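Reproduced below: coords06.txt, with compact mmCIF, N, CA and C atoms.
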# COMPACT_ATOMS: atom_id res chain seq x y z
N MET B 17 -104.13 89.87 -45.66
CA MET B 17 -104.72 89.43 -46.89
C MET B 17 -104.07 90.21 -48.04
N ASP B 18 -103.71 89.49 -49.09
CA ASP B 18 -103.07 90.18 -50.21
C ASP B 18 -104.10 90.97 -51.02
N ASN B 19 -103.61 91.87 -51.84
CA ASN B 19 -104.46 92.80 -52.57
C ASN B 19 -105.39 92.09 -53.56
N ILE B 20 -104.91 91.06 -54.21
CA ILE B 20 -105.74 90.35 -55.19
C ILE B 20 -106.91 89.65 -54.50
N THR B 21 -106.64 89.02 -53.37
CA THR B 21 -107.71 88.37 -52.61
C THR B 21 -108.73 89.39 -52.15
N LYS B 22 -108.24 90.53 -51.66
CA LYS B 22 -109.14 91.60 -51.20
C LYS B 22 -110.00 92.09 -52.36
N LEU B 23 -109.39 92.34 -53.52
CA LEU B 23 -110.15 92.82 -54.67
C LEU B 23 -111.19 91.79 -55.12
N ASN B 24 -110.84 90.52 -55.08
CA ASN B 24 -111.81 89.49 -55.46
C ASN B 24 -112.98 89.44 -54.48
N LEU B 25 -112.70 89.62 -53.20
CA LEU B 25 -113.79 89.69 -52.21
C LEU B 25 -114.68 90.90 -52.47
N LEU B 26 -114.04 92.04 -52.72
CA LEU B 26 -114.82 93.24 -53.03
C LEU B 26 -115.67 93.02 -54.27
N PHE B 27 -115.10 92.35 -55.27
CA PHE B 27 -115.84 92.06 -56.50
C PHE B 27 -117.03 91.14 -56.21
N ASP B 28 -116.84 90.15 -55.34
CA ASP B 28 -117.94 89.26 -54.98
C ASP B 28 -119.11 90.03 -54.37
N TYR B 29 -118.80 91.02 -53.55
CA TYR B 29 -119.83 91.79 -52.87
C TYR B 29 -120.41 92.90 -53.74
N TYR B 30 -119.57 93.60 -54.47
CA TYR B 30 -120.00 94.83 -55.14
C TYR B 30 -119.86 94.80 -56.66
N GLY B 31 -119.47 93.68 -57.22
CA GLY B 31 -119.23 93.60 -58.66
C GLY B 31 -120.43 93.98 -59.51
N ASP B 32 -121.63 93.73 -59.01
CA ASP B 32 -122.83 94.07 -59.79
C ASP B 32 -123.00 95.57 -59.97
N PHE B 33 -122.29 96.37 -59.18
CA PHE B 33 -122.38 97.82 -59.30
C PHE B 33 -121.43 98.38 -60.35
N LEU B 34 -120.57 97.54 -60.88
CA LEU B 34 -119.67 97.97 -61.95
C LEU B 34 -120.42 97.94 -63.29
N THR B 35 -119.89 98.68 -64.25
CA THR B 35 -120.47 98.60 -65.59
C THR B 35 -120.14 97.22 -66.17
N LYS B 36 -120.85 96.85 -67.20
CA LYS B 36 -120.58 95.55 -67.83
C LYS B 36 -119.14 95.47 -68.31
N LYS B 37 -118.66 96.53 -68.92
CA LYS B 37 -117.28 96.55 -69.43
C LYS B 37 -116.28 96.40 -68.28
N GLN B 38 -116.52 97.13 -67.17
CA GLN B 38 -115.63 97.01 -66.01
C GLN B 38 -115.64 95.59 -65.46
N ARG B 39 -116.83 95.00 -65.34
CA ARG B 39 -116.95 93.63 -64.84
C ARG B 39 -116.20 92.66 -65.73
N ASP B 40 -116.41 92.79 -67.04
CA ASP B 40 -115.76 91.88 -67.99
C ASP B 40 -114.23 91.98 -67.90
N ILE B 41 -113.74 93.19 -67.88
CA ILE B 41 -112.28 93.38 -67.84
C ILE B 41 -111.72 92.94 -66.50
N PHE B 42 -112.42 93.24 -65.40
CA PHE B 42 -111.99 92.81 -64.08
C PHE B 42 -111.88 91.29 -64.04
N GLU B 43 -112.91 90.60 -64.53
CA GLU B 43 -112.91 89.13 -64.53
C GLU B 43 -111.77 88.58 -65.39
N GLN B 44 -111.57 89.17 -66.55
CA GLN B 44 -110.49 88.69 -67.41
C GLN B 44 -109.13 88.84 -66.74
N TYR B 45 -108.94 89.95 -66.05
CA TYR B 45 -107.64 90.22 -65.44
C TYR B 45 -107.44 89.46 -64.13
N TYR B 46 -108.37 89.57 -63.21
CA TYR B 46 -108.19 89.00 -61.87
C TYR B 46 -108.65 87.56 -61.74
N ILE B 47 -109.62 87.15 -62.52
CA ILE B 47 -110.14 85.80 -62.36
C ILE B 47 -109.55 84.87 -63.42
N ASN B 48 -109.52 85.33 -64.68
CA ASN B 48 -108.99 84.50 -65.76
C ASN B 48 -107.50 84.68 -65.98
N ASP B 49 -106.90 85.63 -65.26
CA ASP B 49 -105.45 85.86 -65.26
C ASP B 49 -104.89 86.19 -66.65
N LEU B 50 -105.65 86.98 -67.42
CA LEU B 50 -105.14 87.45 -68.70
C LEU B 50 -104.31 88.71 -68.49
N SER B 51 -103.37 88.95 -69.37
CA SER B 51 -102.54 90.16 -69.28
C SER B 51 -103.31 91.35 -69.83
N LEU B 52 -102.81 92.55 -69.54
CA LEU B 52 -103.43 93.76 -70.07
C LEU B 52 -103.44 93.72 -71.60
N GLY B 53 -102.35 93.26 -72.19
CA GLY B 53 -102.26 93.16 -73.64
C GLY B 53 -103.28 92.20 -74.22
N GLU B 54 -103.45 91.05 -73.59
CA GLU B 54 -104.43 90.07 -74.07
C GLU B 54 -105.85 90.63 -73.98
N ILE B 55 -106.14 91.29 -72.86
CA ILE B 55 -107.48 91.88 -72.69
C ILE B 55 -107.70 92.97 -73.72
N ALA B 56 -106.68 93.80 -73.95
CA ALA B 56 -106.79 94.88 -74.94
C ALA B 56 -107.09 94.31 -76.31
N GLU B 57 -106.38 93.26 -76.66
CA GLU B 57 -106.60 92.63 -77.97
C GLU B 57 -108.01 92.05 -78.07
N ASN B 58 -108.46 91.37 -77.01
CA ASN B 58 -109.80 90.76 -77.00
C ASN B 58 -110.90 91.82 -77.03
N SER B 59 -110.64 92.97 -76.40
CA SER B 59 -111.67 94.00 -76.24
C SER B 59 -111.64 95.06 -77.32
N GLY B 60 -110.57 95.10 -78.08
CA GLY B 60 -110.46 96.11 -79.13
C GLY B 60 -110.17 97.50 -78.60
N ILE B 61 -109.50 97.57 -77.45
CA ILE B 61 -109.08 98.86 -76.89
C ILE B 61 -107.59 98.80 -76.60
N THR B 62 -107.02 99.92 -76.22
CA THR B 62 -105.58 99.96 -75.96
C THR B 62 -105.28 99.33 -74.61
N ARG B 63 -104.03 98.99 -74.44
CA ARG B 63 -103.55 98.45 -73.15
C ARG B 63 -103.77 99.48 -72.05
N GLN B 64 -103.51 100.76 -72.38
CA GLN B 64 -103.72 101.84 -71.41
C GLN B 64 -105.20 101.96 -71.06
N GLY B 65 -106.06 101.76 -72.04
CA GLY B 65 -107.50 101.80 -71.80
C GLY B 65 -107.93 100.71 -70.83
N VAL B 66 -107.37 99.53 -71.01
CA VAL B 66 -107.66 98.41 -70.09
C VAL B 66 -107.20 98.78 -68.69
N HIS B 67 -105.99 99.30 -68.59
CA HIS B 67 -105.44 99.70 -67.29
C HIS B 67 -106.34 100.73 -66.61
N ASP B 68 -106.78 101.73 -67.35
CA ASP B 68 -107.65 102.77 -66.79
C ASP B 68 -108.98 102.21 -66.31
N ILE B 69 -109.56 101.31 -67.10
CA ILE B 69 -110.84 100.69 -66.71
C ILE B 69 -110.66 99.85 -65.44
N LEU B 70 -109.56 99.12 -65.35
CA LEU B 70 -109.29 98.33 -64.14
C LEU B 70 -109.16 99.21 -62.92
N ARG B 71 -108.39 100.29 -63.04
CA ARG B 71 -108.19 101.19 -61.89
C ARG B 71 -109.52 101.83 -61.46
N ARG B 72 -110.33 102.21 -62.45
CA ARG B 72 -111.63 102.81 -62.14
C ARG B 72 -112.52 101.79 -61.43
N ALA B 73 -112.49 100.55 -61.89
CA ALA B 73 -113.29 99.49 -61.26
C ALA B 73 -112.81 99.24 -59.84
N GLU B 74 -111.50 99.20 -59.64
CA GLU B 74 -110.95 98.99 -58.29
C GLU B 74 -111.37 100.11 -57.35
N ARG B 75 -111.29 101.36 -57.83
CA ARG B 75 -111.70 102.50 -57.00
C ARG B 75 -113.18 102.42 -56.66
N THR B 76 -113.99 102.02 -57.63
CA THR B 76 -115.43 101.89 -57.38
C THR B 76 -115.70 100.84 -56.31
N LEU B 77 -115.05 99.68 -56.41
CA LEU B 77 -115.23 98.63 -55.42
C LEU B 77 -114.79 99.10 -54.04
N GLU B 78 -113.64 99.76 -53.98
CA GLU B 78 -113.13 100.25 -52.69
C GLU B 78 -114.04 101.33 -52.10
N ASN B 79 -114.63 102.18 -52.94
CA ASN B 79 -115.55 103.21 -52.45
C ASN B 79 -116.82 102.59 -51.88
N PHE B 80 -117.32 101.54 -52.52
CA PHE B 80 -118.49 100.87 -51.97
C PHE B 80 -118.15 100.26 -50.61
N GLU B 81 -116.96 99.68 -50.50
CA GLU B 81 -116.56 99.09 -49.22
C GLU B 81 -116.44 100.16 -48.14
N LYS B 82 -115.90 101.32 -48.48
CA LYS B 82 -115.79 102.40 -47.49
C LYS B 82 -117.16 102.82 -46.99
N LYS B 83 -118.13 102.82 -47.87
CA LYS B 83 -119.48 103.26 -47.50
C LYS B 83 -120.29 102.17 -46.79
N LEU B 84 -120.17 100.93 -47.27
CA LEU B 84 -121.03 99.85 -46.76
C LEU B 84 -120.34 98.92 -45.78
N ASP B 85 -119.03 98.79 -45.88
CA ASP B 85 -118.22 98.00 -44.94
C ASP B 85 -118.64 96.53 -44.85
N MET B 86 -119.18 95.98 -45.91
CA MET B 86 -119.67 94.60 -45.88
C MET B 86 -118.55 93.56 -45.82
N VAL B 87 -117.47 93.78 -46.54
CA VAL B 87 -116.37 92.82 -46.55
C VAL B 87 -115.69 92.79 -45.18
N ASN B 88 -115.45 93.96 -44.60
CA ASN B 88 -114.84 93.99 -43.27
C ASN B 88 -115.72 93.30 -42.24
N LYS B 89 -117.02 93.51 -42.33
CA LYS B 89 -117.95 92.84 -41.41
C LYS B 89 -117.90 91.33 -41.62
N TYR B 90 -117.89 90.91 -42.88
CA TYR B 90 -117.81 89.47 -43.18
C TYR B 90 -116.54 88.87 -42.59
N LEU B 91 -115.41 89.53 -42.79
CA LEU B 91 -114.14 89.01 -42.27
C LEU B 91 -114.14 88.98 -40.75
N SER B 92 -114.73 89.99 -40.13
CA SER B 92 -114.82 90.03 -38.67
C SER B 92 -115.69 88.89 -38.14
N TYR B 93 -116.85 88.69 -38.76
CA TYR B 93 -117.73 87.59 -38.35
C TYR B 93 -117.07 86.24 -38.57
N ARG B 94 -116.34 86.12 -39.66
CA ARG B 94 -115.64 84.87 -39.97
C ARG B 94 -114.63 84.54 -38.87
N LYS B 95 -113.86 85.54 -38.42
CA LYS B 95 -112.90 85.31 -37.34
C LYS B 95 -113.60 84.89 -36.05
N LYS B 96 -114.73 85.53 -35.77
CA LYS B 96 -115.48 85.20 -34.56
C LYS B 96 -116.01 83.77 -34.62
N ILE B 97 -116.50 83.35 -35.76
CA ILE B 97 -117.00 81.99 -35.92
C ILE B 97 -115.87 80.98 -35.80
N GLU B 98 -114.72 81.30 -36.40
CA GLU B 98 -113.56 80.41 -36.27
C GLU B 98 -113.16 80.25 -34.81
N LYS B 99 -113.23 81.34 -34.06
CA LYS B 99 -112.89 81.29 -32.63
C LYS B 99 -113.90 80.44 -31.86
N ILE B 100 -115.17 80.56 -32.20
CA ILE B 100 -116.21 79.73 -31.57
C ILE B 100 -115.95 78.26 -31.84
N LEU B 101 -115.59 77.92 -33.07
CA LEU B 101 -115.30 76.53 -33.40
C LEU B 101 -114.12 76.00 -32.60
N VAL B 102 -113.09 76.81 -32.43
CA VAL B 102 -111.93 76.40 -31.63
C VAL B 102 -112.36 76.16 -30.18
N LEU B 103 -113.16 77.05 -29.63
CA LEU B 103 -113.64 76.89 -28.25
C LEU B 103 -114.50 75.63 -28.12
N LEU B 104 -115.35 75.38 -29.09
CA LEU B 104 -116.18 74.17 -29.06
C LEU B 104 -115.32 72.91 -29.09
N GLU B 105 -114.28 72.92 -29.91
CA GLU B 105 -113.37 71.77 -29.97
C GLU B 105 -112.68 71.55 -28.63
N GLU B 106 -112.35 72.66 -27.94
CA GLU B 106 -111.68 72.55 -26.65
C GLU B 106 -112.59 71.96 -25.57
N ILE B 107 -113.88 72.28 -25.63
CA ILE B 107 -114.77 71.79 -24.56
C ILE B 107 -115.42 70.45 -24.89
N GLU B 108 -115.29 69.99 -26.13
CA GLU B 108 -115.95 68.75 -26.54
C GLU B 108 -115.66 67.57 -25.62
N PRO B 109 -114.41 67.34 -25.21
CA PRO B 109 -114.16 66.18 -24.35
C PRO B 109 -114.93 66.21 -23.03
N GLY B 110 -115.30 67.40 -22.57
CA GLY B 110 -116.01 67.51 -21.29
C GLY B 110 -117.52 67.48 -21.40
N VAL B 111 -118.05 67.33 -22.58
CA VAL B 111 -119.50 67.33 -22.78
C VAL B 111 -120.06 65.97 -22.34
N ALA B 112 -121.08 66.04 -21.51
CA ALA B 112 -121.72 64.81 -21.03
C ALA B 112 -122.32 64.04 -22.20
N ALA B 113 -122.36 62.73 -22.05
CA ALA B 113 -122.81 61.83 -23.13
C ALA B 113 -124.21 62.20 -23.62
N GLU B 114 -125.11 62.59 -22.72
CA GLU B 114 -126.48 62.89 -23.14
C GLU B 114 -126.59 64.17 -23.97
N TYR B 115 -125.51 64.97 -23.98
CA TYR B 115 -125.50 66.21 -24.76
C TYR B 115 -124.60 66.14 -26.00
N LYS B 116 -123.99 64.99 -26.22
CA LYS B 116 -123.06 64.86 -27.35
C LYS B 116 -123.73 65.16 -28.70
N GLN B 117 -124.94 64.64 -28.90
CA GLN B 117 -125.62 64.86 -30.18
C GLN B 117 -125.94 66.34 -30.37
N LYS B 118 -126.44 66.99 -29.33
CA LYS B 118 -126.74 68.42 -29.43
C LYS B 118 -125.46 69.21 -29.68
N PHE B 119 -124.39 68.82 -29.01
CA PHE B 119 -123.10 69.48 -29.20
C PHE B 119 -122.66 69.34 -30.66
N THR B 120 -122.76 68.13 -31.19
CA THR B 120 -122.36 67.87 -32.57
C THR B 120 -123.22 68.68 -33.54
N ASP B 121 -124.53 68.75 -33.28
CA ASP B 121 -125.42 69.53 -34.14
C ASP B 121 -125.04 71.01 -34.13
N ILE B 122 -124.73 71.55 -32.95
CA ILE B 122 -124.32 72.95 -32.84
C ILE B 122 -123.01 73.18 -33.58
N TYR B 123 -122.04 72.30 -33.34
CA TYR B 123 -120.74 72.43 -33.99
C TYR B 123 -120.90 72.39 -35.51
N ASN B 124 -121.65 71.42 -36.01
CA ASN B 124 -121.84 71.28 -37.45
C ASN B 124 -122.59 72.48 -38.04
N GLY B 125 -123.55 73.00 -37.30
CA GLY B 125 -124.28 74.18 -37.77
C GLY B 125 -123.38 75.40 -37.90
N VAL B 126 -122.53 75.60 -36.91
CA VAL B 126 -121.60 76.73 -36.96
C VAL B 126 -120.57 76.53 -38.06
N ALA B 127 -120.06 75.32 -38.20
CA ALA B 127 -119.09 75.02 -39.25
C ALA B 127 -119.70 75.22 -40.64
N THR B 128 -120.97 74.86 -40.80
CA THR B 128 -121.65 75.05 -42.08
C THR B 128 -121.79 76.54 -42.40
N LEU B 129 -122.12 77.34 -41.40
CA LEU B 129 -122.17 78.80 -41.61
C LEU B 129 -120.85 79.31 -42.15
N LEU B 130 -119.77 78.84 -41.57
CA LEU B 130 -118.45 79.28 -41.99
C LEU B 130 -118.15 78.85 -43.41
N LYS B 131 -118.45 77.59 -43.74
CA LYS B 131 -118.17 77.08 -45.08
C LYS B 131 -118.98 77.77 -46.15
N GLU B 132 -120.24 78.03 -45.85
CA GLU B 132 -121.13 78.62 -46.83
C GLU B 132 -121.03 80.13 -46.90
N GLY B 133 -120.26 80.72 -46.00
CA GLY B 133 -120.13 82.17 -46.01
C GLY B 133 -121.41 82.85 -45.54
N GLY B 134 -122.21 82.12 -44.78
CA GLY B 134 -123.49 82.65 -44.33
C GLY B 134 -123.38 83.57 -43.14
N VAL B 135 -122.28 84.28 -43.04
CA VAL B 135 -122.11 85.23 -41.94
C VAL B 135 -122.28 86.62 -42.44
Mind converting the file's structure to structure tokens?
Amino acid sequence: MDNITKLNLLFDYYGDFLTKKQRDIFEQYYINDLSLGEIAENSGITRQGVHDILRRAERTLENFEKKLDMVNKYLSYRKKIEKILVLLEEIEPGVAAEYKQKFTDIYNGVATLLKEGGV
């Protein structure tokens, strides 16, 4: 996983623990794809100030992950669910007709968990 994707996941989980200014600048940079210069101009601070706030926010997010490990757990559960779906697809042809509906309900329930991030 690339660093930007990882930081966005960390932000999804721990962004509420950042200060309002850190959240705003993080969103402008990583989500709205503004440059440091654009953010500095919009925020009334220096480009270096924006850079420092971003680095501090990134460190805060990474520290929460080190302590709580929620993103790693989510990614681990996601891989396990994906593997379950693959196994279900492999055994589907062998499911007896009277169990097809239950099989479909189970498959759809697991797939919904994966889509909704309910792991």
Query raised in the report: Within 6.5 Å of Arg63 of chain B, counting only N, CA and C atoms, which residues qualify if same-chain residues fewer than 4 places away don't, as a count of residues only?
Result: 5
Report summary line: atom C of Phe42 of chain B sits from atom CA of Leu129 of chain B at a separation of 27.7 Å
Requested in this report: Tell me, as a PyMOL selection string, which residues lie within 12 Å of segment 83-87 of chain B, counting only C-alpha atoms; anything in the same chain fewer than 5 positions away does not count.
Outcome: chain B and resi 21-30+76-78+92-94+133+135
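Distances from B:Ile61, B:Ile55, B:Ile47, B:Leu70 to Thr35 of chain B were compared using only C-alpha atoms, and the smallest one belongs to B:Leu70.
Atom CA of Ile122 of chain B to atom N of Met17 of chain B spans 29.3 Å [interatomic distance, one decimal].
Nearest to Gly125 of chain B of all the residues B:Tyr45, B:Leu104, B:Phe33, B:Pro109 is B:Leu104, based on only C-alpha atoms.
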Query raised in the report: Can you tell me how far atom C of Ala127 of chain B sits from atom C of Glu114 of chain B, in Å to one decimal?
Result: 21.2 Å
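When all atoms listed in the file are used to measure the gap to Ile69 of chain B, the shortest distance among B:Ser51, B:Glu43, B:Gln38, B:Leu91 belongs to B:Gln38.
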Requested in this report: Pick out each residue of segment 36-125 of chain B that DSSP on the backbone tags as alpha helix (DSSP H); I need them as an MDAnalysis selection string.
Outcome: chainID B and resid 36:42 52:59 63:84 86:107 116:125
